[in-house]
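**Q** Below is the file data-v9.csv, which contains CSV, C-alpha atoms.
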chain,number,residue,atom,x,y,z
S,3,MET,CA,-92.2,0.1,-78.2
S,4,PRO,CA,-88.7,1.2,-77.4
S,5,LYS,CA,-86.9,-0.5,-74.5
S,6,LYS,CA,-86.8,1.6,-71.3
S,7,LYS,CA,-83.3,2.9,-70.5
S,8,VAL,CA,-81.7,2.1,-67.1
S,9,ARG,CA,-81.2,5.4,-65.3
S,10,MET,CA,-77.7,5.4,-63.8
S,11,GLY,CA,-76.3,7.3,-60.8
S,12,ILE,CA,-72.5,7.4,-60.5
S,13,ALA,CA,-71.1,7.7,-56.9
S,14,GLY,CA,-67.7,9.2,-57.4
S,15,VAL,CA,-66.4,10.8,-60.5
S,16,GLY,CA,-62.6,10.4,-60.1
S,17,ALA,CA,-60.7,8.5,-62.7
S,18,MET,CA,-62.7,5.3,-62.4
S,19,GLY,CA,-66.0,7.0,-62.1
S,20,GLN,CA,-65.4,9.1,-65.2
S,21,GLY,CA,-64.8,5.8,-67.1
S,22,HIS,CA,-68.1,4.5,-65.9
S,23,VAL,CA,-69.9,7.6,-67.0
S,24,GLN,CA,-68.4,7.3,-70.5
S,25,VAL,CA,-69.4,3.7,-70.9
S,26,PHE,CA,-72.9,4.1,-69.6
S,27,MET,CA,-73.5,7.2,-71.8
S,28,ALA,CA,-72.3,5.2,-74.8
S,29,ASN,CA,-74.7,2.3,-74.1
S,30,PRO,CA,-78.0,2.8,-75.9
S,31,ASP,CA,-79.8,1.0,-73.1
S,32,SER,CA,-78.6,3.3,-70.3
S,33,GLU,CA,-78.4,7.0,-69.4
S,34,VAL,CA,-76.6,8.8,-66.7
S,35,VAL,CA,-79.0,11.1,-64.8
S,36,ALA,CA,-77.0,11.8,-61.6
S,37,ILE,CA,-73.5,11.9,-60.3
S,38,CYS,CA,-72.0,12.4,-56.8
S,39,ASP,CA,-68.7,13.9,-55.8
S,40,GLN,CA,-67.5,15.5,-52.5
S,41,SER,CA,-66.2,18.5,-54.6
S,42,LYS,CA,-69.2,20.7,-55.5
S,43,GLU,CA,-67.1,22.6,-58.1
S,44,TRP,CA,-66.0,19.4,-59.8
S,45,GLY,CA,-69.5,17.9,-59.7
S,46,GLU,CA,-71.0,21.0,-61.3
S,47,HIS,CA,-68.3,21.0,-64.0
S,48,CYS,CA,-69.0,17.3,-64.8
S,49,LYS,CA,-72.8,17.9,-64.8
S,50,ASN,CA,-72.5,20.8,-67.3
S,51,GLN,CA,-69.9,19.0,-69.4
S,52,TRP,CA,-72.0,15.8,-69.8
S,53,GLY,CA,-75.4,17.3,-69.6
S,54,ILE,CA,-76.5,15.4,-66.5
S,55,LYS,CA,-79.5,16.4,-64.5
S,56,TYR,CA,-78.3,16.0,-60.9
S,57,ALA,CA,-74.9,16.6,-59.2
S,58,PHE,CA,-74.9,15.7,-55.5
S,59,THR,CA,-72.2,16.1,-52.9
S,60,ASP,CA,-73.8,13.7,-50.4
S,61,TRP,CA,-74.1,10.1,-51.5
S,62,HIS,CA,-77.2,9.7,-49.3
S,63,ASP,CA,-79.0,12.0,-51.7
S,64,LEU,CA,-77.9,9.9,-54.7
S,65,ALA,CA,-79.1,6.7,-53.1
S,66,ALA,CA,-82.5,8.2,-52.3
S,67,CYS,CA,-83.0,9.8,-55.7
S,68,ASP,CA,-86.3,8.4,-57.2
S,69,GLU,CA,-85.0,9.1,-60.8
S,70,VAL,CA,-82.1,6.7,-60.4
S,71,ASP,CA,-82.6,2.9,-61.2
S,72,ALA,CA,-79.1,1.8,-60.5
S,73,VAL,CA,-75.9,3.1,-58.9
S,74,ALA,CA,-72.3,2.5,-59.8
S,75,VAL,CA,-70.1,2.8,-56.7
S,76,CYS,CA,-66.7,4.3,-57.6
S,77,PHE,CA,-65.7,5.7,-54.2
S,78,PRO,CA,-62.7,4.6,-52.2
S,79,THR,CA,-63.0,1.1,-50.7
S,80,ILE,CA,-64.0,2.3,-47.2
S,81,PHE,CA,-67.3,3.7,-48.7
S,82,HIS,CA,-68.2,0.6,-50.7
S,83,ASP,CA,-70.4,-1.1,-48.1
S,84,PRO,CA,-72.4,1.8,-46.7
S,85,VAL,CA,-73.1,3.3,-50.2
S,86,THR,CA,-73.9,-0.1,-51.7
S,87,ILE,CA,-76.2,-1.1,-48.9
S,88,ALA,CA,-78.0,2.3,-48.9
S,89,ALA,CA,-78.6,2.1,-52.6
S,90,LEU,CA,-79.9,-1.5,-52.5
S,91,ASP,CA,-82.2,-0.7,-49.5
S,92,ALA,CA,-83.5,2.2,-51.6
S,93,GLY,CA,-84.5,-0.3,-54.4
S,94,LYS,CA,-81.5,0.3,-56.7
S,95,HIS,CA,-79.3,-2.2,-58.5
S,96,VAL,CA,-75.6,-1.7,-57.8
S,97,LEU,CA,-72.4,-2.1,-59.7
S,98,CYS,CA,-69.6,-1.8,-57.2
S,99,GLU,CA,-66.0,-1.2,-58.1
S,100,LYS,CA,-63.5,-3.7,-56.8
S,101,PRO,CA,-62.4,-4.6,-54.2
S,102,MET,CA,-65.8,-5.4,-52.8
S,103,ALA,CA,-65.2,-4.2,-49.2
S,104,MET,CA,-62.7,-3.7,-46.5
S,105,SER,CA,-63.5,-7.0,-44.8
S,106,THR,CA,-65.4,-10.3,-45.3
S,107,LYS,CA,-68.0,-9.2,-42.8
S,108,LYS,CA,-68.8,-6.0,-44.7
S,109,ALA,CA,-68.8,-7.8,-48.0
S,110,GLN,CA,-71.2,-10.4,-46.7
S,111,ALA,CA,-73.5,-7.6,-45.4
S,112,MET,CA,-73.5,-6.2,-49.0
S,113,ALA,CA,-74.5,-9.6,-50.4
S,114,ASP,CA,-77.2,-10.1,-47.8
S,115,SER,CA,-78.6,-6.7,-48.7
S,116,ALA,CA,-78.8,-7.6,-52.3
S,117,ASN,CA,-80.6,-10.9,-51.5
S,118,ARG,CA,-82.9,-9.2,-49.0
S,119,ASN,CA,-84.0,-6.5,-51.5
S,120,GLY,CA,-84.1,-8.8,-54.6
S,121,LYS,CA,-81.7,-6.5,-56.5
S,122,ILE,CA,-78.6,-7.1,-58.6
S,123,LEU,CA,-75.3,-6.5,-57.0
S,124,MET,CA,-72.3,-7.0,-59.2
S,125,ILE,CA,-68.6,-6.4,-58.5
S,126,SER,CA,-66.8,-4.7,-61.4
S,127,TYR,CA,-63.9,-7.2,-62.0
S,128,ASN,CA,-63.3,-5.9,-65.5
S,129,GLN,CA,-60.5,-8.4,-66.4
S,130,ARG,CA,-63.0,-11.3,-66.3
S,131,PHE,CA,-64.7,-9.9,-69.3
S,132,GLY,CA,-61.7,-10.1,-71.7
S,133,ALA,CA,-61.8,-12.6,-74.5
S,134,ASP,CA,-58.6,-14.3,-73.2
S,135,ILE,CA,-60.1,-15.1,-69.8
S,136,GLN,CA,-63.4,-16.2,-71.3
S,137,PHE,CA,-61.5,-18.5,-73.6
S,138,LEU,CA,-59.5,-20.0,-70.8
S,139,LYS,CA,-62.7,-20.4,-68.6
S,140,LYS,CA,-64.4,-22.4,-71.4
S,141,HIS,CA,-61.2,-24.4,-72.1
S,142,ILE,CA,-61.0,-25.4,-68.5
S,143,ASP,CA,-64.8,-26.1,-68.0
S,144,ASP,CA,-64.8,-28.3,-71.1
S,145,GLY,CA,-62.4,-30.6,-69.3
S,146,ASN,CA,-59.3,-29.9,-71.5
S,147,MET,CA,-57.0,-29.5,-68.5
S,148,GLY,CA,-58.5,-32.2,-66.3
S,149,GLU,CA,-58.4,-31.3,-62.6
S,150,VAL,CA,-57.0,-27.9,-62.0
S,151,TYR,CA,-55.0,-28.3,-58.8
S,152,PHE,CA,-52.8,-25.2,-58.6
S,153,VAL,CA,-52.8,-21.6,-59.9
S,154,ARG,CA,-50.1,-19.0,-59.6
S,155,THR,CA,-51.6,-15.5,-60.0
S,156,ALA,CA,-49.7,-12.2,-59.7
S,157,TRP,CA,-49.7,-8.5,-60.6
S,158,ARG,CA,-46.4,-7.0,-59.8
S,159,ARG,CA,-45.0,-3.6,-60.9
S,160,ALA,CA,-41.5,-2.4,-61.3
S,161,MET,CA,-40.2,0.4,-59.1
S,162,GLY,CA,-41.2,4.0,-59.9
S,163,VAL,CA,-45.0,3.7,-60.4
S,164,PHE,CA,-46.4,4.0,-56.8
S,165,PRO,CA,-49.9,5.6,-56.5
S,166,ALA,CA,-49.7,9.4,-56.6
S,167,ASP,CA,-50.9,11.2,-53.6
S,168,LYS,CA,-52.6,14.0,-55.7
S,169,VAL,CA,-54.1,14.4,-59.2
S,170,GLN,CA,-55.0,17.6,-61.0
S,171,ARG,CA,-58.4,17.8,-62.5
S,172,ALA,CA,-59.5,19.6,-65.7
S,173,THR,CA,-60.7,22.5,-63.6
S,174,GLY,CA,-57.2,23.0,-62.2
S,175,GLU,CA,-58.3,21.7,-58.8
S,176,GLN,CA,-56.0,19.1,-57.2
S,177,TYR,CA,-57.7,16.3,-55.3
S,178,SER,CA,-56.3,13.5,-53.1
S,179,ARG,CA,-55.9,10.0,-54.4
S,180,ASN,CA,-53.8,9.0,-51.5
S,181,TRP,CA,-56.4,6.6,-50.2
S,182,PHE,CA,-54.5,3.9,-52.3
S,183,ASN,CA,-51.7,4.4,-49.8
S,184,GLU,CA,-53.7,4.4,-46.6
S,185,LYS,CA,-54.7,1.2,-44.8
S,186,LYS,CA,-57.7,2.8,-43.1
S,187,MET,CA,-59.2,3.8,-46.4
S,188,GLY,CA,-58.9,0.3,-48.0
S,189,GLY,CA,-55.7,1.0,-49.9
S,190,GLY,CA,-52.9,-1.3,-50.5
S,191,ALA,CA,-51.5,-3.6,-53.2
S,192,ALA,CA,-53.4,-6.7,-52.1
S,193,LEU,CA,-56.8,-5.1,-52.0
S,194,ASP,CA,-56.2,-3.1,-55.2
S,195,LEU,CA,-54.1,-5.2,-57.7
S,196,GLY,CA,-54.4,-8.4,-55.7
S,197,SER,CA,-58.2,-8.4,-55.8
S,198,HIS,CA,-58.1,-8.6,-59.6
S,199,VAL,CA,-55.7,-11.5,-59.8
S,200,VAL,CA,-57.3,-13.5,-57.0
S,201,ASP,CA,-60.7,-13.0,-58.7
S,202,LEU,CA,-59.3,-14.3,-62.0
S,203,ALA,CA,-57.7,-17.3,-60.4
S,204,MET,CA,-60.8,-18.2,-58.4
S,205,TYR,CA,-63.0,-17.8,-61.5
S,206,LEU,CA,-60.8,-20.1,-63.5
S,207,MET,CA,-60.8,-22.6,-60.7
S,208,GLY,CA,-64.5,-22.6,-60.3
S,209,PHE,CA,-64.5,-20.8,-56.8
S,210,PRO,CA,-63.6,-23.8,-54.6
S,211,LYS,CA,-64.3,-23.5,-50.9
S,212,ILE,CA,-61.6,-21.9,-48.9
S,213,LYS,CA,-59.8,-24.0,-46.3
S,214,GLN,CA,-56.8,-22.0,-45.2
S,215,ILE,CA,-55.0,-18.7,-46.1
S,216,VAL,CA,-51.5,-17.6,-45.1
S,217,GLY,CA,-49.5,-14.6,-46.3
S,218,MET,CA,-47.4,-11.5,-45.7
S,219,ALA,CA,-48.2,-7.9,-46.4
S,220,TYR,CA,-45.2,-5.6,-46.6
S,221,THR,CA,-44.8,-1.8,-46.5
S,222,LYS,CA,-41.3,-1.3,-47.7
S,223,PHE,CA,-41.2,1.7,-50.1
S,224,LEU,CA,-44.3,3.9,-49.6
S,225,PRO,CA,-43.0,5.8,-46.5
S,226,GLU,CA,-40.0,6.9,-48.5
S,227,PHE,CA,-42.0,7.7,-51.6
S,228,LEU,CA,-44.4,9.8,-49.7
S,229,ALA,CA,-42.0,11.4,-47.2
S,230,GLY,CA,-42.6,15.0,-46.4
S,231,LYS,CA,-46.0,15.1,-48.1
S,232,GLY,CA,-48.0,14.9,-44.9
S,233,VAL,CA,-50.2,12.0,-46.0
S,234,GLY,CA,-50.8,8.4,-44.9
S,235,ASP,CA,-48.3,5.8,-46.1
S,236,ASP,CA,-49.1,2.6,-44.1
S,237,ALA,CA,-50.8,0.5,-46.8
S,238,ASP,CA,-49.0,-2.6,-48.1
S,239,ASP,CA,-46.9,-2.0,-51.3
S,240,HIS,CA,-46.1,-5.7,-51.8
S,241,SER,CA,-48.1,-8.7,-50.5
S,242,VAL,CA,-47.9,-12.4,-51.1
S,243,GLY,CA,-50.2,-15.2,-50.1
S,244,PHE,CA,-51.0,-18.9,-50.3
S,245,ALA,CA,-54.5,-20.3,-50.2
S,246,LYS,CA,-55.6,-24.0,-49.7
S,247,PHE,CA,-59.0,-25.2,-50.7
S,248,GLU,CA,-61.2,-28.0,-49.5
S,249,ASN,CA,-61.0,-29.9,-52.8
S,250,GLY,CA,-57.2,-30.1,-52.4
S,251,ALA,CA,-56.3,-27.3,-54.9
S,252,SER,CA,-54.1,-24.4,-54.0
S,253,MET,CA,-53.2,-20.9,-55.1
S,254,GLN,CA,-50.1,-18.7,-54.9
S,255,ILE,CA,-50.7,-14.9,-54.9
S,256,GLU,CA,-48.5,-11.9,-55.4
S,257,ALA,CA,-49.3,-8.2,-55.7
S,258,SER,CA,-47.0,-5.2,-55.7
S,259,TYR,CA,-47.1,-1.5,-56.4
S,260,GLY,CA,-43.3,-1.6,-57.0
S,261,SER,CA,-40.4,-3.9,-56.4
S,262,TYR,CA,-37.0,-4.6,-57.8
S,263,VAL,CA,-38.2,-6.5,-60.9
S,264,GLU,CA,-37.5,-5.9,-64.6
S,265,HIS,CA,-41.0,-4.8,-65.6
S,266,GLU,CA,-44.7,-4.9,-64.8
S,267,LYS,CA,-46.3,-8.3,-65.2
S,268,ILE,CA,-49.8,-9.8,-64.8
S,269,ILE,CA,-49.8,-13.6,-64.9
S,270,GLN,CA,-52.1,-16.5,-64.3
S,271,ALA,CA,-50.4,-19.9,-64.6
S,272,ILE,CA,-52.9,-22.7,-64.4
S,273,TYR,CA,-51.8,-26.3,-63.7
S,274,GLY,CA,-54.1,-29.2,-64.4
S,275,ASP,CA,-53.5,-33.0,-64.4
S,276,LYS,CA,-54.2,-33.2,-68.2
S,277,GLY,CA,-52.8,-29.9,-69.3
S,278,GLY,CA,-51.7,-26.4,-68.4
S,279,ALA,CA,-52.1,-22.8,-69.6
S,280,CYS,CA,-50.5,-19.4,-69.1
S,281,ARG,CA,-51.9,-15.9,-69.4
S,282,GLU,CA,-49.2,-13.2,-69.3
S,283,SER,CA,-49.6,-9.5,-70.0
S,284,GLY,CA,-48.2,-8.6,-73.4
S,285,GLN,CA,-48.1,-12.2,-74.5
S,286,PRO,CA,-50.6,-14.5,-76.3
S,287,ILE,CA,-52.4,-17.2,-74.3
S,288,LYS,CA,-50.3,-20.4,-74.2
S,289,LEU,CA,-51.7,-23.9,-73.7
S,290,PHE,CA,-49.5,-26.8,-72.7
S,291,VAL,CA,-50.8,-30.2,-73.9
S,292,LYS,CA,-49.8,-33.8,-74.5
S,293,SER,CA,-50.7,-35.0,-78.0
S,294,GLU,CA,-49.7,-38.2,-79.6
S,295,GLY,CA,-47.2,-38.9,-76.9
S,296,GLU,CA,-45.5,-35.5,-77.2
S,297,TYR,CA,-45.6,-32.5,-75.0
S,298,LYS,CA,-46.5,-29.3,-77.0
S,299,THR,CA,-47.1,-25.6,-76.5
S,300,ILE,CA,-50.0,-24.3,-78.5
S,301,ILE,CA,-51.0,-20.7,-79.1
S,302,PRO,CA,-54.7,-20.8,-79.7
S,303,THR,CA,-56.8,-18.6,-82.0
S,304,ILE,CA,-59.2,-16.8,-79.8
S,305,ASP,CA,-62.5,-15.9,-81.5
S,306,MET,CA,-64.6,-14.8,-78.5
S,307,PRO,CA,-66.2,-11.4,-77.9
S,308,SER,CA,-65.0,-9.1,-75.1
S,309,THR,CA,-67.4,-6.9,-73.2
S,310,ARG,CA,-67.3,-4.4,-70.4
S,311,PRO,CA,-68.7,-4.9,-66.9
S,312,MET,CA,-70.9,-1.8,-67.2
S,313,ASP,CA,-72.6,-3.2,-70.4
S,314,HIS,CA,-73.0,-6.6,-68.9
S,315,PHE,CA,-74.6,-5.0,-65.8
S,316,ILE,CA,-77.2,-3.2,-67.9
S,317,GLU,CA,-77.9,-6.4,-69.8
S,318,CYS,CA,-78.5,-8.2,-66.6
S,319,ILE,CA,-80.9,-5.6,-65.3
S,320,LEU,CA,-83.0,-5.5,-68.5
S,321,GLU,CA,-83.0,-9.2,-69.0
S,322,ASN,CA,-83.2,-10.2,-65.4
S,323,LYS,CA,-80.0,-12.3,-65.7
S,324,THR,CA,-77.5,-13.4,-63.0
S,325,PRO,CA,-74.2,-11.4,-63.5
S,326,ILE,CA,-71.0,-13.2,-64.4
S,327,VAL,CA,-69.6,-11.8,-61.1
S,328,THR,CA,-71.9,-12.6,-58.2
S,329,PRO,CA,-71.8,-11.1,-54.7
S,330,GLU,CA,-70.9,-14.4,-53.2
S,331,GLN,CA,-67.8,-14.6,-55.4
S,332,GLY,CA,-66.9,-11.1,-54.3
S,333,VAL,CA,-67.2,-12.2,-50.7
S,334,ALA,CA,-64.8,-15.2,-51.4
S,335,VAL,CA,-62.2,-12.9,-53.0
S,336,THR,CA,-62.4,-10.6,-50.0
S,337,GLN,CA,-62.0,-13.5,-47.6
S,338,ILE,CA,-58.7,-14.5,-49.2
S,339,LEU,CA,-57.4,-10.9,-49.2
S,340,GLU,CA,-58.4,-10.4,-45.6
S,341,GLY,CA,-56.7,-13.7,-44.8
S,342,ILE,CA,-53.4,-12.4,-46.1
S,343,TYR,CA,-53.6,-9.3,-44.0
S,344,LYS,CA,-54.6,-11.3,-40.8
S,345,SER,CA,-51.9,-13.9,-41.4
S,346,SER,CA,-49.2,-11.2,-41.7
S,347,VAL,CA,-49.9,-9.5,-38.4
S,348,ARG,CA,-47.0,-10.2,-36.0
S,349,LYS,CA,-48.3,-11.4,-32.6
Just give me the structure of the file as structure tokens.
**A**
Amino acid sequence: MPKKKVRMGIAGVGAMGQGHVQVFMANPDSEVVAICDQSKEWGEHCKNQWGIKYAFTDWHDLAACDEVDAVAVCFPTIFHDPVTIAALDAGKHVLCEKPMAMSTKKAQAMADSANRNGKILMISYNQRFGADIQFLKKHIDDGNMGEVYFVRTAWRRAMGVFPADKVQRATGEQYSRNWFNEKKMGGGAALDLGSHVVDLAMYLMGFPKIKQIVGMAYTKFLPEFLAGKGVGDDADDHSVGFAKFENGASMQIEASYGSYVEHEKIIQAIYGDKGGACRESGQPIKLFVKSEGEYKTIIPTIDMPSTRPMDHFIECILENKTPIVTPEQGVAVTQILEGIYKSSVRK
């Protein structure tokens, strides 16, 4: 007897939502039966293009749809918690785009709803699923680096690539993506890029309990970049932070949409008392070891599979597995990001 497919509903079919649709449609164990977008014209265009049964303009209708088993939440961050909780309360599993929520309180409410309803809630931290991160995680967990006491984690971009305020769709319609630049919508470099790199660092460290967070969130370039466009420009474009953990470990954090640096870089530098490692965009993984009395740099051969969060989500639903990214971990990442913002407020 063929396995029953997971019937997906996609809340938001902007750039990220379209990516979700393509992956879920390509997965033999899932099908997309409904989408939701505030633009009726765009929703109907996507519905016809992809052969989808339903196109809603109100996310409440998507959450309530009896023909949907699970929802992928791809709306701006401000909508993550109400849409996720509504879908969970309606008996759906949820894959929510990062960052989890605008605040720790809202993220915790999402986690509580998943536990209360006995449904899977997974946060879509896609970088966790790469072969390089999975290799590093196993390398650390196998004890090769000893005690990991410090991680430096960053995603910084060079000047000239700030988030655009508008994007043109295939229909010719222009829609606003300026929420990335607006604090009230959950935009900003820390919540956007920073959420990825904080999650990676916490994952590699084993999610130690948070003790203290300090940081600064800067808005240096967005007002000039968006001048005269009549849109919000108050989100952070460069944020830095430092987290201390109860086990004595610590983490340095940096995220920027644009600053005076040579080029874009994503980096995780991991420091252990028996070895170290570095993951840097465009470079192979490097391991730093002591062997036979000598300090060496090793570039390992990585023979591990990569996957995508959408495929892992479907697997977890069908096999009743706990996702690699749990709601509790999403709450911890949100707590660090919120701590940076709170610390940076001038009193």
**Q** Excluding stretch 286-289 of chain S and any residue of its chain fewer than 3 positions from it, enumerate the residues within 6 Å of it, using only C-alpha atoms, and give them as a list of chain:residue names.
**A** S:Gly278, S:Ala279, S:Cys280, S:Arg281, S:Thr299, S:Ile300, S:Ile301
**Q** Here's a test: counting only C-alpha atoms, identify every protein, DNA and RNA residue with an atom at most 9 Å from (-37.3, -4.4, -58.6) in the file's coordinate frame, and state them as a compact mmCIF listing (two decimals) with C-alpha atoms, in the frame of the given file.
**A**
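Result file is point39.txt:
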# COMPACT_ATOMS: atom_id res chain seq x y z
CA ARG S 159 -45.00 -3.60 -60.90
CA ALA S 160 -41.50 -2.40 -61.30
CA MET S 161 -40.20 0.40 -59.10
CA GLY S 260 -43.30 -1.60 -57.00
CA SER S 261 -40.40 -3.90 -56.40
CA TYR S 262 -37.00 -4.60 -57.80
CA VAL S 263 -38.20 -6.50 -60.90
CA GLU S 264 -37.50 -5.90 -64.60
CA HIS S 265 -41.00 -4.80 -65.60
**Q** Rank S:Gly148, S:Gly217, S:Pro84, S:Gly93 by their smallest atom-to-atom distance to S:Lys121, using only C-alpha atoms, and report the top residue only.
**A**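 Of all the options, S:Gly93 lies closest to S:Lys121.
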**Q** Could you give me, as a ChimeraX atom specification, the residues within 9 Å of stretch 38-46 of chain S, counting only C-alpha atoms and dropping anything in the same chain fewer than 5 positions from it?
**A** /S:11-16,51,56-61,63-64,77,171-173,175,177
**Q** Using the file's own x, y and z axes, so that the box edges lie along x, y and z, what centre and edge lengths in Å (one decimal) does a box around every listed atom of stretch 246-263 of chain S get when 6 Å is added on each side? Give it as lines of an AutoDock Vina configuration file.
**A**
center_x = -49.1
center_y = -15.8
center_z = -55.2
size_x = 36.2
size_y = 40.6
size_z = 23.4
**Q** Around the point (-68.2, 14.7, -68.0) in the file's coordinates, collect all residues with an atom within 8 Å, using only C-alpha atoms, and return them as a PyMOL selection string.
**A** chain S and resi 20+23-24+47-53
**Q** Rounded to one decimal place, report the atom CA of S:Phe182-atom CA of S:Val333 distance in Å.
**A**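 Distance reported for this atom pair: 20.6 Å.
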**Q** I'd like to know which of S:Lys211, S:Arg158, S:Arg130, S:Lys292 is closest to S:His314, using only C-alpha atoms.
**A**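 Smallest distance to S:His314 is found for S:Arg130.
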**Q** Using Å and a single decimal, report how far atom CA of S:Lys267 sits from atom CA of S:Phe247.
**A**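 For atom CA of S:Phe247 relative to atom CA of S:Lys267, the distance reads 25.6 Å.
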**Q** Could you name the residues that touch S:Ile316 at 12 Å or less, counting all atoms listed in the file, but leaving out those on the same chain fewer than 4 positions away, as a PyMOL selection string?
**A** chain S and resi 6-10+25-33+71-74+95-97+122-124+309-312+320-325
**Q** Pull C-alpha atoms from the residues just selected and write them as a PDB file, in the coordinates of the input.
**A**
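Output file result_39.pdb follows:
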ATOM      1  CA  LYS S   6     -86.800   1.600 -71.300  1.00  0.00           C
ATOM      2  CA  LYS S   7     -83.300   2.900 -70.500  1.00  0.00           C
ATOM      3  CA  VAL S   8     -81.700   2.100 -67.100  1.00  0.00           C
ATOM      4  CA  ARG S   9     -81.200   5.400 -65.300  1.00  0.00           C
ATOM      5  CA  MET S  10     -77.700   5.400 -63.800  1.00  0.00           C
ATOM      6  CA  VAL S  25     -69.400   3.700 -70.900  1.00  0.00           C
ATOM      7  CA  PHE S  26     -72.900   4.100 -69.600  1.00  0.00           C
ATOM      8  CA  MET S  27     -73.500   7.200 -71.800  1.00  0.00           C
ATOM      9  CA  ALA S  28     -72.300   5.200 -74.800  1.00  0.00           C
ATOM     10  CA  ASN S  29     -74.700   2.300 -74.100  1.00  0.00           C
ATOM     11  CA  PRO S  30     -78.000   2.800 -75.900  1.00  0.00           C
ATOM     12  CA  ASP S  31     -79.800   1.000 -73.100  1.00  0.00           C
ATOM     13  CA  SER S  32     -78.600   3.300 -70.300  1.00  0.00           C
ATOM     14  CA  GLU S  33     -78.400   7.000 -69.400  1.00  0.00           C
ATOM     15  CA  ASP S  71     -82.600   2.900 -61.200  1.00  0.00           C
ATOM     16  CA  ALA S  72     -79.100   1.800 -60.500  1.00  0.00           C
ATOM     17  CA  VAL S  73     -75.900   3.100 -58.900  1.00  0.00           C
ATOM     18  CA  ALA S  74     -72.300   2.500 -59.800  1.00  0.00           C
ATOM     19  CA  HIS S  95     -79.300  -2.200 -58.500  1.00  0.00           C
ATOM     20  CA  VAL S  96     -75.600  -1.700 -57.800  1.00  0.00           C
ATOM     21  CA  LEU S  97     -72.400  -2.100 -59.700  1.00  0.00           C
ATOM     22  CA  ILE S 122     -78.600  -7.100 -58.600  1.00  0.00           C
ATOM     23  CA  LEU S 123     -75.300  -6.500 -57.000  1.00  0.00           C
ATOM     24  CA  MET S 124     -72.300  -7.000 -59.200  1.00  0.00           C
ATOM     25  CA  THR S 309     -67.400  -6.900 -73.200  1.00  0.00           C
ATOM     26  CA  ARG S 310     -67.300  -4.400 -70.400  1.00  0.00           C
ATOM     27  CA  PRO S 311     -68.700  -4.900 -66.900  1.00  0.00           C
ATOM     28  CA  MET S 312     -70.900  -1.800 -67.200  1.00  0.00           C
ATOM     29  CA  LEU S 320     -83.000  -5.500 -68.500  1.00  0.00           C
ATOM     30  CA  GLU S 321     -83.000  -9.200 -69.000  1.00  0.00           C
ATOM     31  CA  ASN S 322     -83.200 -10.200 -65.400  1.00  0.00           C
ATOM     32  CA  LYS S 323     -80.000 -12.300 -65.700  1.00  0.00           C
ATOM     33  CA  THR S 324     -77.500 -13.400 -63.000  1.00  0.00           C
ATOM     34  CA  PRO S 325     -74.200 -11.400 -63.500  1.00  0.00           C
TER      35      PRO S 325
END
**Q** Measuring between all atoms listed in the file, which one of S:Met218, S:Glu340, S:Gly243, S:Ala17 shows the shortest distance to S:Gln170?
**A**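 Checking each candidate against S:Gln170, we get S:Ala17 as the closest.
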**Q** In terms of the shortest atom-to-atom distance over all atoms listed in the file, which of S:Gly188, S:Gly174, S:Gly208, S:Gly132 is closest to S:Val153?
**A** S:Gly208
